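Asks: This is the content of start05.cif (mmCIF, C-alpha atoms and all ligand atoms):
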data_upload
#
loop_
_atom_site.label_atom_id
_atom_site.label_comp_id
_atom_site.auth_asym_id
_atom_site.auth_seq_id
_atom_site.Cartn_x
_atom_site.Cartn_y
_atom_site.Cartn_z
CA MET A 1 103.45 84.48 91.01
CA LEU A 2 104.06 88.25 90.96
CA LYS A 3 105.09 90.21 94.01
CA ILE A 4 105.61 93.96 93.77
CA GLU A 5 106.94 95.59 96.89
CA ASN A 6 107.27 99.32 97.55
CA LEU A 7 107.99 100.06 93.90
CA HIS A 8 109.23 103.54 93.07
CA ALA A 9 109.87 104.46 89.45
CA GLU A 10 110.55 107.61 87.53
CA ILE A 11 110.55 108.94 83.98
CA ASP A 12 112.94 111.77 83.10
CA GLY A 13 113.62 112.32 86.78
CA LYS A 14 109.92 112.62 87.61
CA GLU A 15 108.69 110.10 90.15
CA ILE A 16 105.50 108.41 88.89
CA LEU A 17 105.25 105.23 90.99
CA LYS A 18 105.54 106.10 94.65
CA GLY A 19 105.66 102.99 96.75
CA LEU A 20 103.37 100.61 94.90
CA SER A 21 102.79 97.15 96.35
CA LEU A 22 100.71 94.41 94.77
CA GLU A 23 100.70 90.62 94.83
CA ILE A 24 99.17 88.27 92.28
CA GLY A 25 98.82 84.59 93.07
CA ALA A 26 98.44 81.77 90.54
CA GLY A 27 94.88 81.43 89.29
CA GLU A 28 94.00 85.04 90.11
CA ILE A 29 92.72 87.88 87.98
CA HIS A 30 93.42 91.34 89.37
CA ALA A 31 91.96 94.56 88.01
CA VAL A 32 93.75 97.87 88.47
CA MET A 33 91.59 100.94 88.05
CA GLY A 34 92.36 104.58 88.58
CA PRO A 35 92.19 108.08 87.18
CA ASN A 36 94.13 109.27 84.15
CA GLY A 37 97.74 110.00 84.96
CA ALA A 38 97.75 107.78 88.07
CA GLY A 39 100.61 105.66 86.75
CA LYS A 40 98.76 102.62 85.41
CA SER A 41 100.55 102.48 82.06
CA THR A 42 103.81 103.30 83.80
CA LEU A 43 103.33 100.22 85.97
CA ALA A 44 102.80 98.07 82.86
CA TYR A 45 105.89 99.52 81.17
CA VAL A 46 108.08 99.09 84.24
CA LEU A 47 106.99 95.45 84.55
CA GLY A 48 107.70 94.93 80.85
CA GLY A 49 111.14 96.52 81.18
CA ARG A 50 110.70 99.40 78.76
CA ALA A 51 113.71 101.71 78.39
CA GLY A 52 113.46 105.12 80.03
CA TYR A 53 111.63 103.93 83.13
CA GLU A 54 113.97 103.95 86.08
CA VAL A 55 113.21 101.95 89.19
CA THR A 56 114.68 103.83 92.15
CA LYS A 57 113.37 101.67 94.99
CA GLY A 58 111.50 98.48 95.72
CA SER A 59 111.41 95.00 94.21
CA VAL A 60 109.43 92.83 91.83
CA SER A 61 109.65 89.07 91.85
CA PHE A 62 108.07 86.88 89.19
CA ALA A 63 107.84 83.15 89.85
CA GLY A 64 110.52 83.62 92.50
CA GLU A 65 112.96 85.41 90.17
CA ASP A 66 114.04 89.05 90.30
CA LEU A 67 112.01 90.46 87.42
CA LEU A 68 113.78 93.81 87.41
CA ALA A 69 117.12 92.11 86.77
CA MET A 70 115.83 90.53 83.54
CA ASP A 71 115.95 92.00 80.04
CA PRO A 72 112.57 92.51 78.34
CA HIS A 73 113.08 89.39 76.20
CA GLU A 74 113.99 87.35 79.27
CA ARG A 75 110.79 88.53 80.93
CA ALA A 76 108.81 87.38 77.90
CA ALA A 77 110.63 84.06 77.87
CA ALA A 78 109.78 83.63 81.54
CA GLY A 79 106.10 83.85 80.61
CA LEU A 80 105.21 87.53 80.89
CA PHE A 81 102.96 89.03 78.23
CA LEU A 82 102.19 92.72 77.85
CA GLY A 83 99.20 94.04 75.97
CA PHE A 84 99.44 97.71 75.23
CA GLN A 85 96.97 100.54 75.30
CA TYR A 86 98.17 101.60 71.85
CA PRO A 87 99.36 98.58 69.81
CA VAL A 88 102.06 99.55 67.32
CA GLU A 89 101.73 99.37 63.55
CA ILE A 90 104.56 97.67 61.67
CA PRO A 91 104.33 98.42 57.94
CA GLY A 92 106.12 95.92 55.73
CA VAL A 93 105.92 93.02 58.19
CA SER A 94 102.98 90.67 57.83
CA ASN A 95 101.01 89.82 60.90
CA ILE A 96 101.80 86.14 60.43
CA GLN A 97 105.56 86.80 60.16
CA PHE A 98 105.41 88.94 63.26
CA LEU A 99 103.44 86.44 65.31
CA ARG A 100 105.63 83.56 64.20
CA SER A 101 108.86 85.32 65.10
CA ALA A 102 107.41 86.36 68.47
CA VAL A 103 106.34 82.81 69.27
CA ASN A 104 109.54 81.19 68.07
CA ALA A 105 111.74 83.68 69.90
CA GLN A 106 109.92 82.74 73.04
CA ARG A 107 110.06 79.00 72.39
CA LYS A 108 113.78 79.27 71.71
CA ALA A 109 114.36 81.18 74.94
CA ARG A 110 112.47 78.45 76.80
CA GLY A 111 114.56 75.78 75.12
CA ASP A 112 111.63 74.49 73.04
CA GLU A 113 111.86 73.65 69.36
CA GLU A 114 110.65 76.24 66.87
CA LEU A 115 107.28 75.57 65.26
CA SER A 116 107.28 74.62 61.60
CA ALA A 117 105.54 77.00 59.21
CA GLY A 118 102.65 74.55 58.87
CA ASP A 119 102.18 73.96 62.59
CA PHE A 120 102.40 77.66 63.25
CA LEU A 121 99.81 78.50 60.62
CA LYS A 122 97.43 75.94 62.08
CA LEU A 123 97.84 77.42 65.56
CA ALA A 124 97.43 80.99 64.29
CA ARG A 125 94.27 80.08 62.38
CA GLU A 126 92.79 78.35 65.44
CA GLN A 127 93.45 81.36 67.63
CA ALA A 128 92.11 83.78 65.02
CA ALA A 129 88.91 81.71 64.78
CA ALA A 130 88.59 81.59 68.57
CA LEU A 131 88.73 85.38 68.65
CA LYS A 132 86.46 85.77 65.63
CA MET A 133 89.21 87.46 63.68
CA ASP A 134 89.13 87.04 59.89
CA ALA A 135 92.09 84.77 58.99
CA GLU A 136 92.81 87.11 56.06
CA MET A 137 94.04 89.64 58.62
CA LEU A 138 96.95 87.33 59.38
CA LYS A 139 98.39 88.23 55.96
CA ARG A 140 98.16 91.99 56.35
CA PRO A 141 100.95 94.19 57.74
CA VAL A 142 100.86 94.25 61.56
CA ASN A 143 98.05 96.53 62.74
CA VAL A 144 98.30 98.78 59.66
CA GLY A 145 94.84 100.10 58.93
CA PHE A 146 93.32 97.90 61.66
CA SER A 147 90.53 99.53 63.64
CA GLY A 148 90.97 99.92 67.39
CA GLY A 149 88.93 96.79 67.98
CA GLU A 150 90.84 94.79 65.37
CA LYS A 151 94.15 95.74 66.98
CA LYS A 152 92.92 94.49 70.34
CA ARG A 153 91.61 91.26 68.84
CA ASN A 154 94.93 90.81 67.10
CA GLU A 155 96.73 91.30 70.36
CA MET A 156 94.56 88.62 71.96
CA VAL A 157 95.35 86.26 69.06
CA GLN A 158 99.02 86.89 69.80
CA MET A 159 98.41 86.18 73.48
CA GLY A 160 96.59 82.95 72.61
CA ILE A 161 99.46 81.78 70.45
CA ILE A 162 102.10 82.71 73.00
CA ASP A 163 100.13 81.23 75.92
CA PRO A 164 101.84 83.26 78.66
CA THR A 165 101.87 82.62 82.41
CA LEU A 166 101.12 86.21 83.39
CA ALA A 167 99.35 88.74 81.19
CA ILE A 168 99.42 92.45 81.91
CA LEU A 169 96.75 94.09 79.79
CA ASP A 170 96.68 97.88 79.66
CA GLU A 171 93.26 99.18 78.68
CA THR A 172 92.59 96.29 76.36
CA ASP A 173 88.98 97.47 76.34
CA SER A 174 89.66 100.94 74.96
CA GLY A 175 88.19 101.46 71.52
CA LEU A 176 86.11 98.28 71.60
CA ASP A 177 82.42 98.18 70.78
CA ILE A 178 80.17 95.93 72.84
CA ASP A 179 80.55 92.85 70.62
CA ALA A 180 84.33 93.17 70.35
CA LEU A 181 84.50 93.70 74.10
CA ARG A 182 82.70 90.43 74.71
CA THR A 183 84.90 88.57 72.23
CA VAL A 184 88.09 89.96 73.72
CA GLY A 185 86.83 89.36 77.27
CA ASP A 186 85.87 85.77 76.42
CA GLY A 187 89.32 85.39 74.84
CA ILE A 188 91.01 86.52 78.05
CA ASN A 189 88.90 84.07 80.04
CA THR A 190 89.63 81.16 77.69
CA ILE A 191 93.36 81.80 77.44
CA MET A 192 94.17 83.02 80.94
CA ARG A 193 91.51 81.86 83.43
CA LYS A 194 93.59 78.86 84.56
CA ALA A 195 94.95 77.64 87.86
CA ASP A 196 98.57 78.23 86.85
CA LYS A 197 98.13 81.64 85.24
CA GLY A 198 97.57 85.20 86.39
CA VAL A 199 96.22 88.41 84.90
CA LEU A 200 96.69 92.08 85.70
CA LEU A 201 93.91 93.90 83.94
CA ILE A 202 94.27 97.67 83.76
CA THR A 203 90.98 99.31 82.91
CA HIS A 204 88.95 102.47 83.37
CA TYR A 205 85.59 100.82 83.06
CA GLN A 206 83.42 98.25 84.74
CA ARG A 207 82.10 96.90 81.44
CA LEU A 208 85.12 94.65 80.73
CA LEU A 209 84.89 93.36 84.29
CA ASP A 210 81.34 92.14 83.59
CA VAL A 211 82.94 89.67 81.17
CA VAL A 212 86.30 89.03 82.86
CA LYS A 213 85.34 88.76 86.51
CA PRO A 214 88.25 89.86 88.68
CA ASP A 215 89.09 88.20 91.98
CA PHE A 216 90.55 91.46 93.27
CA VAL A 217 90.14 95.11 92.32
CA HIS A 218 92.75 97.72 93.19
CA VAL A 219 92.56 101.48 92.99
CA LEU A 220 95.77 103.10 91.79
CA ALA A 221 95.99 106.80 92.56
CA ALA A 222 99.04 109.06 92.50
CA GLY A 223 101.48 106.21 92.04
CA ARG A 224 100.35 103.73 94.65
CA ILE A 225 97.57 101.28 95.42
CA VAL A 226 95.25 103.12 97.78
CA LYS A 227 92.46 100.58 98.07
CA THR A 228 91.89 96.88 97.39
CA GLY A 229 88.63 94.98 97.35
CA GLY A 230 86.60 92.44 95.46
CA PRO A 231 84.54 92.91 92.28
CA GLU A 232 82.13 95.14 94.19
CA LEU A 233 84.83 97.81 94.43
CA ALA A 234 84.68 98.31 90.65
CA LEU A 235 80.94 98.91 90.88
CA GLN A 236 81.48 101.37 93.71
CA LEU A 237 84.09 103.21 91.63
CA GLU A 238 81.70 103.39 88.73
CA SER A 239 78.98 104.97 90.84
CA GLU A 240 81.06 107.17 93.13
CA GLY A 241 84.09 108.07 91.01
CA TYR A 242 87.77 107.67 91.80
CA GLU A 243 88.25 110.87 93.71
CA ALA A 244 85.87 110.14 96.56
CA ILE A 245 87.40 106.71 97.04
CA ALA A 246 91.03 107.84 96.70
CA GLU A 247 90.42 110.63 99.22
CA ALA A 248 88.69 108.39 101.72
CA ALA A 249 91.55 105.86 101.51
P1 LIG B 301 97.77 106.31 83.38
O1 LIG B 301 98.09 105.16 82.51
O2 LIG B 301 97.32 105.91 84.75
O3 LIG B 301 96.80 107.25 82.75
P2 LIG B 301 100.53 107.02 82.95
O4 LIG B 301 101.31 105.92 83.60
O5 LIG B 301 100.41 107.00 81.48
O6 LIG B 301 99.12 107.13 83.65
O7 LIG B 301 101.19 108.41 83.35
C1 LIG B 301 101.49 108.72 84.71
C2 LIG B 301 102.14 110.10 84.77
O8 LIG B 301 103.41 110.04 84.13
C3 LIG B 301 101.36 111.21 84.08
O9 LIG B 301 101.43 112.35 84.90
C4 LIG B 301 102.13 111.41 82.80
O10 LIG B 301 102.03 112.74 82.37
C5 LIG B 301 103.54 111.09 83.24
N1 LIG B 301 104.37 110.64 82.11
C6 LIG B 301 104.12 109.58 81.30
N2 LIG B 301 105.09 109.45 80.39
C7 LIG B 301 105.98 110.45 80.62
C8 LIG B 301 107.21 110.87 80.03
N3 LIG B 301 107.72 110.22 78.99
N4 LIG B 301 107.85 111.93 80.55
C9 LIG B 301 107.34 112.57 81.62
N5 LIG B 301 106.19 112.25 82.22
C10 LIG B 301 105.51 111.20 81.75
MG MG B 302 95.63 106.94 80.52
MG MG B 303 97.46 104.50 80.67
#
Just give me the structure of the file as structure tokens.
Ligand code: ADP
Ligand code: MG
Ligand code: MG
Replies:
Amino acid sequence: MLKIENLHAEIDGKEILKGLSLEIGAGEIHAVMGPNGAGKSTLAYVLGGRAGYEVTKGSVSFAGEDLLAMDPHERAAAGLFLGFQYPVEIPGVSNIQFLRSAVNAQRKARGDEELSAGDFLKLAREQAAALKMDAEMLKRPVNVGFSGGEKKRNEMVQMGIIDPTLAILDETDSGLDIDALRTVGDGINTIMRKADKGVLLITHYQRLLDVVKPDFVHVLAAGRIVKTGGPELALQLESEGYEAIAEAA
């Protein structure tokens, strides 16, 4: 589904990703863990196609297509979803307007018909209920005044509505209390734990991985994957720290 080979990328002339390789097959959930500044968010941004990140070497294919040759909206239309560490606030645009335009833009790009206002509202309400988000929040401006946990829930509602093929979630667990963590984790499982989907879960902590059980765990240090294992690797990281493992690799 996703194949990253020897990826090098820089920001402002500074190389951050230094030969990163990673492959995600259909039906797989991969966790990427690593110290602050390792390049985890950079990886998410490069895959999403954010401006300012320059790929200098390597390749990324997504469902057999050259991902790096696609515009960000083409990547989304192809089924890629990015959840950010810091979801943006959009004053003046209601959450429901935002979600509807995101979904319909994607449907249009796929060649599907746009959803009617009624059908969309039904879908949005179902997803909000599934993620235990108060439906009233759909009317409020996007993320404005939302707590950290509410922003993450909102992002998962968006993911549920969009129903992507591959989700890249950057520290979706940051700022969540234990209950919100379980809800968001259950949401990821319900929406994405399917034979034809894949997930790249970027996280610092084991606790999300207790809910969303990864098939593979990778350690990202200094711009490349230095170690890959199963779920037990996350437990080892938690007890021994990144440094010992990155150095031994
Ligand atoms: P992580 O998500 O693993 O904590 P990041 O991908 O956010 O790491 O950052 C990787 C490195 O890139 C860090 O050293 C950070 O300081 C640097 N970096 C991030 N954004 C910029 C930028 N806009 N300009 C220069 N350096 C940056
Ligand atoms: Mg960080
Ligand atoms: Mg980060």
Asks: Taking all atoms listed in the file into account, which residues are within 8 Å of ligand MG 302 (chain B), as an MDAnalysis selection string?
Replies: chainID A and resid 35:38 40:41
Asks: Please return as a ChimeraX atom specification the residues found within 10 Å of ligand MG 303 (chain B), counting only C-alpha atoms and all ligand atoms.
Replies: /A:34-45,84-86,170-171,202-204
Asks: For region 126-135 of chain A, list every protein, DNA or RNA residue within 8 Å, evaluated using only C-alpha atoms, and leave out those in the same chain fewer than 5 positions away; present the list as a ChimeraX atom specification.
Replies: /A:150,153-154,156-157,160-161,183-184,187
Asks: Given the choices A:Ile96, A:Met33, A:Ala117, A:Ile178, which gets closest to ligand LIG 301 (chain B) if the distance is worked out from only C-alpha atoms and all ligand atoms?
Replies: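 Smallest distance to ligand LIG 301 (chain B) is found for A:Met33.
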Asks: Using only C-alpha atoms and all ligand atoms, pick whichever of A:Met1, A:Leu201, A:Ala221, A:Ser116 has the shortest atom-to-atom distance to ligand LIG 301 (chain B).
Replies: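 Of A:Met1, A:Leu201, A:Ala221, A:Ser116, the one nearest ligand LIG 301 (chain B), counting only C-alpha atoms and all ligand atoms, is A:Ala221.
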Asks: Give me the residues within 12 Å of Glu65 (chain A) as a PyMOL selection string, counting all atoms listed in the file and dropping any in the same chain fewer than 3 places off.
Replies: chain A and resi 1-4+59-62+68-70+74-75+78-79
Asks: Considering only C-alpha atoms, return as a list of chain:residue names whatever protein or nucleic-acid residues lie within 8 Å of region 137-144 of chain A, sequence-local ones (same chain, fewer than 4 positions apart) excluded.
Replies: A:Pro87, A:Val88, A:Glu89, A:Ile90, A:Pro91, A:Gly92, A:Val93, A:Ser94, A:Asn95, A:Ile96, A:Phe98, A:Met133, A:Glu150, A:Lys151, A:Asn154
Asks: To one decimal place, how far is CA of Leu220 (chain A) from CA of Gln236 (chain A) in Å?
Replies: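 Result for CA of Leu220 (chain A) versus CA of Gln236 (chain A): 14.5 Å, one decimal.
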Asks: Name the residues in contact with Ile245 (chain A) at a cut-off of 9 Å, using only C-alpha atoms, excluding same-chain residues fewer than 4 positions from it; report them as a CSV table (one decimal) with C-alpha atoms, keeping the file's coordinate frame.
Replies:
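Once everything was written out, this is selection.csv:
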chain,number,residue,atom,x,y,z
A,219,VAL,CA,92.6,101.5,93.0
A,226,VAL,CA,95.2,103.1,97.8
A,227,LYS,CA,92.5,100.6,98.1
A,236,GLN,CA,81.5,101.4,93.7
A,237,LEU,CA,84.1,103.2,91.6
A,240,GLU,CA,81.1,107.2,93.1
A,241,GLY,CA,84.1,108.1,91.0
A,249,ALA,CA,91.6,105.9,101.5
Asks: Restricting the calculation to all atoms listed in the file, which member of A:Gly223, A:Phe146, A:Asp186, A:Val199 is positioned closest to ligand LIG 301 (chain B)?
Replies: A:Gly223
Asks: Of the residues A:Glu23, A:Glu54, A:Asp179, A:Glu5, which is the one nearest to ligand LIG 301 (chain B), using all atoms listed in the file?
Replies: A:Glu54
Asks: Can you tell me how far CA of Thr165 (chain A) sits from CA of Gly198 (chain A), in Å to one decimal?
Replies: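 One can read the CA of Thr165 (chain A) to CA of Gly198 (chain A) distance as 6.4 Å.
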Asks: One decimal, Å: what's the distance from atom O2 of ligand LIG 301 (chain B) over to CA of Ile225 (chain A), could you say?
Replies: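 Those two atoms sit 11.6 Å apart.
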Asks: Which one of A:Asp71, A:Asp215, A:Asp12, A:Glu114 sits closest to ligand LIG 301 (chain B) if you count all atoms listed in the file?
Replies: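 Nearest candidate to ligand LIG 301 (chain B) out of A:Asp71, A:Asp215, A:Asp12, A:Glu114: A:Asp12.
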Asks: Of the candidates A:Ala246, A:Leu115, A:Met192, A:His30, which shows the shortest atom-to-atom distance to Ser101 (chain A), using all atoms listed in the file?
Replies: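 Of all the options, A:Leu115 lies closest to Ser101 (chain A).
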Asks: Counting all atoms listed in the file, what is within 9 Å of Ala102 (chain A), bar same-chain residues fewer than 4 positions away, as a ChimeraX atom specification?
Replies: /A:97-98,106-107,158,162
Asks: Scan for residues within 9 Å of the point (85.8, 97.2, 84.5) in the coordinates of the file, using all atoms listed in the file, and reply as JSON, numbers by chain.
Replies: {"A": [31, 32, 33, 173, 201, 202, 203, 204, 205, 206, 207, 208, 209, 210, 211, 212, 213, 214, 231, 234, 235, 238]}
